[in-house]
>>> print(open('run21.tsv').read())   # TSV, C-alpha atoms
chain	number	residue	atom	x	y	z
A	1	ALA	CA	112.48	109.23	93.56
A	2	MET	CA	113.79	105.76	93.41
A	3	SER	CA	114.80	103.99	90.25
A	4	SER	CA	111.66	102.63	88.63
A	5	ALA	CA	113.42	99.59	87.20
A	6	PRO	CA	116.37	97.50	88.32
A	7	ALA	CA	119.71	98.00	86.63
A	8	PRO	CA	122.09	95.32	85.33
A	9	SER	CA	123.45	92.93	87.95
A	10	ALA	CA	126.94	92.82	89.42
A	11	GLU	CA	128.51	89.56	90.59
A	12	GLU	CA	129.20	89.34	94.32
A	13	GLU	CA	130.71	86.58	96.44
A	14	ASP	CA	127.30	85.22	97.41
A	15	GLY	CA	125.83	85.41	93.91
A	16	PRO	CA	124.56	88.11	91.57
A	17	GLU	CA	123.42	91.34	93.20
A	18	VAL	CA	120.96	93.53	91.30
A	19	MET	CA	121.68	97.23	91.55
A	20	ALA	CA	119.72	100.45	91.18
A	21	MET	CA	121.48	103.17	89.17
A	22	PHE	CA	120.14	106.02	91.35
A	23	ASP	CA	120.32	106.83	95.05
A	24	ASN	CA	117.31	107.46	97.29
A	25	MET	CA	117.12	111.11	96.13
A	26	GLY	CA	117.03	110.12	92.45
A	27	ARG	CA	120.65	111.17	91.80
A	28	LYS	CA	122.53	109.10	89.24
A	29	LEU	CA	125.39	106.95	90.59
A	30	SER	CA	127.73	108.06	87.82
A	31	ALA	CA	130.73	105.95	88.88
A	32	LEU	CA	128.78	102.85	87.86
A	33	ASP	CA	128.65	103.99	84.22
A	34	GLN	CA	132.25	102.85	83.77
A	35	GLN	CA	132.70	99.41	82.27
A	36	GLY	CA	134.90	97.15	84.39
A	37	GLU	CA	136.90	98.09	87.47
A	38	ALA	CA	138.51	101.52	87.74
A	39	ASP	CA	142.32	101.66	87.75
A	40	LEU	CA	144.05	101.38	91.11
A	41	GLU	CA	145.87	104.41	92.50
A	42	LYS	CA	148.55	104.54	95.19
A	43	GLU	CA	145.95	105.58	97.76
A	44	ASP	CA	144.10	102.31	97.10
A	45	MET	CA	147.12	100.38	98.46
A	46	ARG	CA	146.76	101.86	101.94
A	47	ASN	CA	145.14	100.11	104.88
A	48	GLY	CA	142.46	101.22	107.28
A	49	ARG	CA	140.55	104.50	107.08
A	50	ARG	CA	143.05	106.10	104.70
A	51	LYS	CA	142.50	103.49	102.00
A	52	GLY	CA	141.20	105.09	98.82
A	53	LYS	CA	141.22	108.59	100.34
A	54	LEU	CA	142.79	111.48	98.38
A	55	ARG	CA	144.55	114.40	100.02
A	56	LYS	CA	142.72	116.89	97.79
A	57	ALA	CA	139.26	116.75	96.27
A	58	ARG	CA	139.16	115.34	92.75
A	59	ASN	CA	137.52	118.56	91.53
A	60	GLY	CA	139.94	120.73	93.45
A	61	ASP	CA	139.51	122.43	96.80
A	62	ASP	CA	138.74	125.79	95.22
A	63	MET	CA	135.41	125.00	93.55
A	64	ASP	CA	133.07	127.98	93.73
A	65	LEU	CA	129.36	127.87	94.57
A	66	GLN	CA	128.23	127.93	90.94
A	67	ALA	CA	130.46	124.97	90.03
A	68	MET	CA	129.10	122.96	92.96
A	69	VAL	CA	125.49	123.75	92.03
A	70	GLU	CA	126.14	122.64	88.44
A	71	GLU	CA	127.76	119.42	89.68
A	72	GLU	CA	124.76	118.73	91.93
A	73	ARG	CA	122.31	119.29	89.06
A	74	ALA	CA	124.33	116.91	86.89
A	75	GLY	CA	123.77	114.14	89.42
A	76	GLY	CA	126.31	114.90	92.12
A	77	VAL	CA	125.68	114.60	95.82
A	78	SER	CA	123.47	117.11	97.62
A	79	MET	CA	125.32	120.19	98.89
A	80	ASP	CA	122.91	120.56	101.80
A	81	GLU	CA	123.49	116.91	102.74
A	82	SER	CA	127.26	117.38	102.58
A	83	PHE	CA	127.01	120.56	104.66
A	84	ALA	CA	125.10	118.78	107.44
A	85	LYS	CA	127.54	115.84	107.49
A	86	ASN	CA	130.59	118.13	107.60
A	87	ILE	CA	129.19	120.21	110.47
A	88	MET	CA	128.52	117.03	112.45
A	89	ARG	CA	132.03	115.75	111.66
A	90	LEU	CA	133.69	119.02	112.74
A	91	GLY	CA	131.70	119.32	115.95
A	92	GLY	CA	133.49	121.75	118.27
A	93	ASN	CA	136.05	122.48	115.56
A	94	PHE	CA	133.44	124.36	113.54
A	95	THR	CA	135.03	127.80	113.72
A	96	GLU	CA	133.44	131.14	114.50
A	97	LYS	CA	134.58	132.40	111.10
A	98	GLN	CA	132.76	129.54	109.37
A	99	ALA	CA	129.66	130.19	111.47
A	100	ASN	CA	129.70	133.92	110.70
A	101	ALA	CA	129.82	133.14	106.99
A	102	LEU	CA	126.30	131.77	107.29
A	103	THR	CA	123.05	133.38	108.40
A	104	GLY	CA	122.19	130.46	110.63
A	105	ALA	CA	120.21	128.36	108.15
A	106	GLY	CA	121.77	124.93	107.65
A	107	SER	CA	121.96	125.16	103.88
A	108	ARG	CA	123.37	127.23	101.05
A	109	ALA	CA	120.09	129.21	101.16
A	110	GLY	CA	121.56	130.84	104.26
A	111	PHE	CA	124.46	132.62	102.58
A	112	ASP	CA	124.92	136.31	103.21
A	113	GLU	CA	125.80	137.76	99.82
A	114	GLU	CA	128.51	139.92	101.41
A	115	GLU	CA	130.25	136.96	103.09
A	116	ASP	CA	132.69	134.43	101.68
A	117	PRO	CA	131.59	131.02	103.00
A	118	ASP	CA	134.03	128.14	103.37
A	119	MET	CA	133.18	126.02	100.34
A	120	LYS	CA	134.92	122.97	101.84
A	121	LEU	CA	131.89	122.62	104.09
A	122	TYR	CA	129.84	121.82	100.98
A	123	GLN	CA	132.20	119.20	99.56
A	124	ALA	CA	131.13	115.60	99.86
A	125	ASN	CA	133.34	112.74	101.02
A	126	GLU	CA	132.92	111.28	97.52
A	127	ASN	CA	135.02	114.10	96.10
A	128	LYS	CA	138.02	112.83	98.07
A	129	MET	CA	137.72	109.20	97.00
A	130	THR	CA	139.83	107.49	94.34
A	131	ALA	CA	137.97	106.23	91.28
A	132	ARG	CA	138.10	102.62	92.59
A	133	LYS	CA	136.94	103.60	96.08
A	134	LEU	CA	134.10	105.70	94.62
A	135	GLN	CA	133.06	102.83	92.40
A	136	ASP	CA	132.94	100.40	95.35
A	137	HIS	CA	131.11	102.97	97.48
A	138	GLN	CA	128.43	103.66	94.86
A	139	ARG	CA	128.09	99.93	94.08
A	140	GLN	CA	127.17	99.28	97.71
A	141	ILE	CA	124.71	102.18	97.68
A	142	ALA	CA	123.17	100.73	94.50
A	143	VAL	CA	122.77	97.25	95.98
A	144	ASN	CA	121.20	98.66	99.16
A	145	GLU	CA	118.83	100.91	97.19
A	146	HIS	CA	117.65	97.98	95.10
A	147	LYS	CA	116.97	95.89	98.21
A	148	LYS	CA	114.93	98.77	99.66
A	149	TRP	CA	113.08	99.16	96.36
A	150	MET	CA	112.24	95.45	96.25
A	151	SER	CA	110.99	95.59	99.85
A	152	VAL	CA	108.70	98.51	98.97
A	153	MET	CA	107.40	96.79	95.82
A	154	ASN	CA	106.51	93.65	97.78
A	155	THR	CA	104.90	95.28	100.81
A	156	HIS	CA	103.57	98.77	99.99
A	157	PRO	CA	99.74	98.97	99.80
A	158	PHE	CA	99.97	101.09	96.61
A	159	SER	CA	102.30	98.64	94.82
A	160	MET	CA	100.53	96.44	92.30
A	161	GLU	CA	103.38	93.94	92.76
A	162	ASN	CA	102.42	93.46	96.41
A	163	PRO	CA	100.83	89.98	96.76
A	164	LYS	CA	98.27	91.55	99.12
A	165	PHE	CA	97.37	94.43	96.78
A	166	LYS	CA	93.60	95.07	96.91
A	167	GLN	CA	92.83	94.74	93.22
A	168	HIS	CA	89.05	94.71	93.82
A	169	LEU	CA	89.27	98.38	94.90
A	170	VAL	CA	90.80	99.54	91.59
A	171	VAL	CA	88.35	101.64	89.59
A	172	THR	CA	90.48	102.09	86.47
A	173	THR	CA	94.06	101.44	85.39
A	174	ARG	CA	95.53	103.63	82.70
A	175	GLN	CA	99.00	103.71	81.18
A	176	HIS	CA	100.77	105.42	84.10
A	177	CYS	CA	98.23	105.74	86.94
A	178	TYR	CA	95.32	103.99	88.54
A	179	VAL	CA	92.30	105.15	90.56
A	180	MET	CA	91.51	103.25	93.76
A	181	LEU	CA	88.47	103.46	96.05
A	182	LYS	CA	89.48	104.88	99.43
A	183	THR	CA	88.04	102.62	102.12
A	184	ASN	CA	89.98	103.53	105.25
A	185	ASN	CA	89.28	106.89	106.87
A	186	SER	CA	87.26	108.23	103.92
A	187	LEU	CA	84.98	111.26	104.17
A	188	ASP	CA	82.60	110.17	101.40
A	189	GLU	CA	81.39	106.85	100.04
A	190	LEU	CA	82.99	107.75	96.68
A	191	SER	CA	86.30	109.14	97.98
A	192	CYS	CA	89.16	107.66	96.01
A	193	SER	CA	92.88	108.12	95.29
A	194	ILE	CA	94.85	108.78	92.11
A	195	VAL	CA	98.10	106.78	92.32
A	196	PRO	CA	101.07	106.42	89.93
A	197	ILE	CA	101.74	102.78	89.00
A	198	LYS	CA	105.49	103.25	89.38
A	199	GLN	CA	106.70	104.65	92.68
A	200	SER	CA	107.23	108.40	92.87
A	201	MET	CA	107.67	110.33	96.09
A	202	SER	CA	105.12	112.99	95.12
A	203	ALA	CA	102.91	114.16	92.28
A	204	ARG	CA	105.23	117.18	91.98
A	205	ASN	CA	108.18	114.91	91.17
A	206	CYS	CA	106.42	112.45	88.87
A	207	PRO	CA	107.68	112.17	85.28
A	208	GLU	CA	105.90	114.48	82.85
A	209	GLU	CA	103.79	111.74	81.26
A	210	VAL	CA	102.56	110.59	84.69
A	211	TRP	CA	101.75	114.17	85.71
A	212	GLU	CA	99.77	114.75	82.50
A	213	GLU	CA	97.76	111.57	83.00
A	214	MET	CA	96.96	112.62	86.57
A	215	GLN	CA	95.56	115.92	85.26
A	216	SER	CA	93.47	114.02	82.72
A	217	ILE	CA	92.01	111.79	85.45
A	218	LYS	CA	91.23	114.85	87.58
A	219	ALA	CA	89.33	116.39	84.67
A	220	ASP	CA	87.35	113.17	84.17
A	221	LEU	CA	86.47	113.03	87.88
A	222	ARG	CA	85.37	116.68	87.88
A	223	ARG	CA	83.16	115.97	84.90
A	224	GLY	CA	81.70	112.83	86.49
A	225	PHE	CA	80.98	114.36	89.90
A	226	GLY	CA	79.76	117.54	88.19
A	227	GLY	CA	77.05	115.41	86.60
A	228	LEU	CA	75.87	114.63	90.15
A	229	GLY	CA	75.85	118.34	91.00
A	230	LYS	CA	78.98	118.01	93.15
A	231	GLY	CA	82.39	119.64	93.27
A	232	VAL	CA	85.71	117.91	93.99
A	233	LEU	CA	88.68	118.66	96.23
A	234	PHE	CA	92.07	117.07	95.51
A	235	LEU	CA	94.46	116.74	98.46
A	236	GLU	CA	98.05	115.54	98.69
A	237	THR	CA	100.48	115.35	101.59
A	238	ALA	CA	103.92	114.53	100.16
A	239	SER	CA	106.61	113.33	102.55
A	240	ARG	CA	110.22	112.14	102.36
A	241	GLY	CA	111.45	108.59	102.89
A	242	TYR	CA	112.09	105.60	100.67
A	243	ARG	CA	108.60	104.20	101.33
A	244	GLY	CA	106.90	107.36	100.11
A	245	TRP	CA	104.38	106.84	97.30
A	246	ALA	CA	102.51	109.71	95.67
A	247	ASN	CA	98.74	109.57	96.04
A	248	VAL	CA	96.18	112.30	95.49
A	249	GLU	CA	93.05	111.99	97.62
A	250	VAL	CA	89.81	112.79	95.81
A	251	ILE	CA	86.93	114.07	97.98
A	252	PRO	CA	83.56	114.85	96.36
A	253	VAL	CA	81.80	117.73	98.15
A	254	GLU	CA	78.82	120.02	97.67
A	255	MET	CA	79.49	122.94	95.31
A	256	ASP	CA	79.30	125.56	98.06
A	257	VAL	CA	81.87	123.62	100.12
A	258	GLU	CA	84.29	123.65	97.19
A	259	MET	CA	83.76	127.41	96.81
A	260	ASP	CA	84.59	127.93	100.51
A	261	ALA	CA	87.78	125.82	100.36
A	262	PRO	CA	90.22	128.71	99.61
A	263	LEU	CA	89.11	130.65	102.69
A	264	TYR	CA	89.17	127.67	105.07
A	265	PHE	CA	92.52	126.31	103.89
A	266	LYS	CA	94.27	129.69	103.83
A	267	GLN	CA	93.28	130.26	107.44
A	268	ALA	CA	94.36	126.75	108.46
A	269	LEU	CA	97.71	126.89	106.62
A	270	ASP	CA	98.53	130.30	108.11
A	271	GLN	CA	98.47	128.59	111.50
A	272	ALA	CA	100.16	125.35	110.43
A	273	ASP	CA	103.67	123.98	110.94
A	274	GLU	CA	106.49	125.97	112.57
A	275	GLU	CA	105.77	129.40	114.03
A	276	TRP	CA	108.97	130.74	112.46
A	277	SER	CA	108.96	129.33	108.94
A	278	VAL	CA	111.67	129.83	106.34
A	279	HIS	CA	109.17	129.33	103.53
A	280	LYS	CA	106.01	131.23	102.76
A	281	LYS	CA	103.06	129.74	104.66
A	282	VAL	CA	100.59	129.72	101.76
A	283	ILE	CA	101.70	129.42	98.14
A	284	ASP	CA	99.00	130.27	95.61
A	285	THR	CA	99.29	127.81	92.71
A	286	SER	CA	96.40	129.24	90.68
A	287	GLN	CA	98.65	130.95	88.13
A	288	LYS	CA	101.79	128.79	87.92
A	289	GLY	CA	100.42	125.40	89.01
A	290	LEU	CA	102.03	123.12	91.58
A	291	ARG	CA	105.14	122.13	89.61
A	292	ARG	CA	106.30	125.69	89.00
A	293	SER	CA	105.35	126.91	92.47
A	294	ILE	CA	107.49	124.71	94.75
A	295	PRO	CA	110.99	123.21	94.38
A	296	ASP	CA	111.90	119.57	93.74
A	297	ASN	CA	112.10	116.99	96.52
A	298	MET	CA	110.38	119.10	99.18
A	299	PRO	CA	107.69	117.66	101.45
A	300	TYR	CA	104.49	119.64	100.96
A	301	PHE	CA	100.74	119.79	101.39
A	302	PHE	CA	98.60	120.65	98.35
A	303	ILE	CA	94.89	121.38	97.98
A	304	GLU	CA	93.26	121.92	94.58
A	305	TRP	CA	89.75	122.96	93.56
A	306	SER	CA	88.18	123.66	90.16
A	307	ARG	CA	89.72	127.08	89.57
A	308	GLY	CA	92.87	127.07	91.65
A	309	GLY	CA	94.85	125.65	94.52
A	310	MET	CA	97.38	126.34	97.24
A	311	ALA	CA	100.46	124.60	98.59
A	312	HIS	CA	102.40	124.65	101.83
A	313	ILE	CA	106.00	123.45	102.19
A	314	ILE	CA	106.21	121.21	105.26
A	315	GLU	CA	109.14	122.26	107.45
A	316	ASP	CA	108.73	119.64	110.16
A	317	ALA	CA	107.24	116.43	108.79
A	318	GLU	CA	106.99	114.87	112.26
A	319	GLN	CA	104.82	117.73	113.52
A	320	PHE	CA	102.63	118.16	110.42
A	321	PRO	CA	99.64	115.77	110.66
A	322	HIS	CA	99.19	113.49	107.68
A	323	ASP	CA	95.41	113.88	107.91
A	324	PHE	CA	95.61	117.70	108.05
A	325	GLY	CA	93.65	118.22	104.82
A	326	SER	CA	90.98	115.65	105.60
A	327	ASP	CA	90.42	117.20	109.03
A	328	ILE	CA	89.84	120.64	107.49
A	329	VAL	CA	87.35	119.22	104.97
A	330	ALA	CA	85.62	117.29	107.79
A	331	GLY	CA	85.14	120.57	109.65
A	332	MET	CA	83.79	122.24	106.50
A	333	ILE	CA	81.13	119.58	105.94
A	334	GLY	CA	80.32	119.17	109.64
A	335	VAL	CA	81.38	115.55	110.24
A	336	ASP	CA	83.81	113.87	112.62
A	337	PRO	CA	87.51	113.80	111.67
A	338	VAL	CA	88.39	110.78	109.54
A	339	ARG	CA	90.68	109.25	112.15
A	340	VAL	CA	87.68	108.30	114.30
A	341	LYS	CA	85.58	106.87	111.45
A	342	LYS	CA	85.24	103.13	110.97
A	343	GLN	CA	87.81	101.35	108.81
A	344	GLY	CA	86.90	99.64	105.57
A	345	GLY	CA	83.62	97.84	104.88
A	346	ALA	CA	82.07	94.71	103.41
A	347	LYS	CA	83.65	93.60	100.14
A	348	GLY	CA	80.31	93.60	98.33
A	349	ALA	CA	79.58	97.18	99.37
A	350	GLU	CA	83.07	98.24	98.29
A	351	GLN	CA	82.58	96.64	94.86
A	352	ALA	CA	79.27	98.51	94.46
A	353	ARG	CA	81.05	101.82	95.16
A	354	VAL	CA	83.80	100.87	92.68
A	355	ALA	CA	81.12	100.18	90.06
A	356	GLU	CA	79.56	103.59	90.72
A	357	LEU	CA	82.93	105.30	90.26
A	358	LYS	CA	83.48	103.36	87.04
A	359	GLY	CA	80.20	104.75	85.78
A	360	LEU	CA	81.25	108.31	86.65
A	361	LEU	CA	84.50	107.81	84.75
A	362	ARG	CA	82.69	105.98	81.94
A	363	GLU	CA	85.05	103.02	82.31
>>> encode(input="run21.tsv", output="structure tokens")
Amino acid sequence: AMSSAPAPSAEEEDGPEVMAMFDNMGRKLSALDQQGEADLEKEDMRNGRRKGKLRKARNGDDMDLQAMVEEERAGGVSMDESFAKNIMRLGGNFTEKQANALTGAGSRAGFDEEEDPDMKLYQANENKMTARKLQDHQRQIAVNEHKKWMSVMNTHPFSMENPKFKQHLVVTTRQHCYVMLKTNNSLDELSCSIVPIKQSMSARNCPEEVWEEMQSIKADLRRGFGGLGKGVLFLETASRGYRGWANVEVIPVEMDVEMDAPLYFKQALDQADEEWSVHKKVIDTSQKGLRRSIPDNMPYFFIEWSRGGMAHIIEDAEQFPHDFGSDIVAGMIGVDPVRVKKQGGAKGAEQARVAELKGLLRE
């Protein structure tokens, strides 16, 4: 997830530049912790592509897998990302021995326990930069990330800082999340979305306090719709990308439809995504919950009902339809898919639906 607040500014030639302290995967840019400029080294005096480049990695060329994993967890660069970049850089020079040390998967998950993979393939370029070069490199990343973040804040439909944010659709705003009436492509007049106020890529990766508030809102919605004799389905399709913003779709349904959801969604997810998947097609979250069932920073689809839920890790985001969940629910209740339904509605009618949701939530 992106930094939720801008970091201190750094003076540039064209004025002060505000910087984020994390990259687009939420990893800390640790070189920026240092006060002032890092000391120059002899490699910094070179010209061209060799400037600031060390002959050997700062952490040594003999780091083992465990050391690299620990470095990544502490805020280092992604090993999988480094692997992909190094394979592309090597091209035809990627040796048969290096290839045989892997099972074919483009990540450390593909290691054969009996093989000895070339760990240099998992080292990032940053490990061969001088302290000054690394500082300059991460400073530029930080400036770029902040510009992206500002662009998202000013234009994203879920950002309350967006001048065009549709405040009249907000049902309730709590400390970390808000509930918004869903007007476009909704399956029910009272369909709505639970959205974190600060950008997070998915509900799975939200901070603990945001996650807890989401669960509290879900309980309130279940109680409110239960008073109308209805059940509720909660759907989320989490994707990658700096414009990603977690939102959980809330669809009120008849009780028998909610009871049938596990059967319908298991069948649909068994047929979804790639034919040859690395991950399990259907992950039952009833016992562990979503956060303990799937890893960090993975795109996924999640469906939850009153007594359980299931998740699916999305292997090909371009092929997995964003309205997958809504289409399944549409089939269950016997209506047209949401993509062919009319968009929006009159503002007065929308405000009446917001008022009805407020009453259900006792706001």
>>> closest_residue(input="run21.tsv", among="A:Ala272, A:Ala142, A:Met310, A:Met160", to="Gln287 of chain A", atoms="all atoms listed in the file")
A:Met310
>>> atom_distance(input="run21.tsv", atom1="atom CA of Asn154 of chain A", atom2="atom CA of Ile314 of chain A")
28.6 Å
>>> atom_distance(input="run21.tsv", atom1="atom CA of Leu290 of chain A", atom2="atom CA of Gly309 of chain A")
8.2 Å
>>> closest_residue(input="run21.tsv", among="A:Met298, A:Ala268, A:Val248, A:Met255", to="Gly229 of chain A", atoms="all atoms listed in the file")
A:Met255
>>> residues_around(input="run21.tsv", residues="Val170 of chain A", least_positions_apart="5", cutoff="7 Å", atoms="all atoms listed in the file", output="ChimeraX atom specification")
/A:179-181
>>> atom_distance(input="run21.tsv", atom1="atom CA of Asp188 of chain A", atom2="atom CA of Pro252 of chain A")
6.9 Å
>>> residues_around(input="run21.tsv", residues="segment 331-333 of chain A", least_positions_apart="2", cutoff="10 Å", atoms="only C-alpha atoms", output="PyMOL selection string")
chain A and resi 187+253-254+257-258+260-261+264-265+326-329+335-337
>>> closest_residue(input="run21.tsv", among="A:Gly348, A:Phe165, A:Leu269, A:Val195", to="Trp245 of chain A", atoms="only C-alpha atoms")
A:Val195
>>> residues_around(input="run21.tsv", residues="Arg307 of chain A", least_positions_apart="4", cutoff="12 Å", atoms="only C-alpha atoms", output="ChimeraX atom specification")
/A:219,222,231-234,258-259,261-262,284-287,289,303
>>> write_last_selection(input="run21.tsv", atoms="C-alpha atoms", output="PDB file, in the frame of the given file")
ATOM      1  CA  ALA A 219      89.330 116.390  84.670  1.00  0.00           C
ATOM      2  CA  ARG A 222      85.370 116.680  87.880  1.00  0.00           C
ATOM      3  CA  GLY A 231      82.390 119.640  93.270  1.00  0.00           C
ATOM      4  CA  VAL A 232      85.710 117.910  93.990  1.00  0.00           C
ATOM      5  CA  LEU A 233      88.680 118.660  96.230  1.00  0.00           C
ATOM      6  CA  PHE A 234      92.070 117.070  95.510  1.00  0.00           C
ATOM      7  CA  GLU A 258      84.290 123.650  97.190  1.00  0.00           C
ATOM      8  CA  MET A 259      83.760 127.410  96.810  1.00  0.00           C
ATOM      9  CA  ALA A 261      87.780 125.820 100.360  1.00  0.00           C
ATOM     10  CA  PRO A 262      90.220 128.710  99.610  1.00  0.00           C
ATOM     11  CA  ASP A 284      99.000 130.270  95.610  1.00  0.00           C
ATOM     12  CA  THR A 285      99.290 127.810  92.710  1.00  0.00           C
ATOM     13  CA  SER A 286      96.400 129.240  90.680  1.00  0.00           C
ATOM     14  CA  GLN A 287      98.650 130.950  88.130  1.00  0.00           C
ATOM     15  CA  GLY A 289     100.420 125.400  89.010  1.00  0.00           C
ATOM     16  CA  ILE A 303      94.890 121.380  97.980  1.00  0.00           C
TER      17      ILE A 303
END
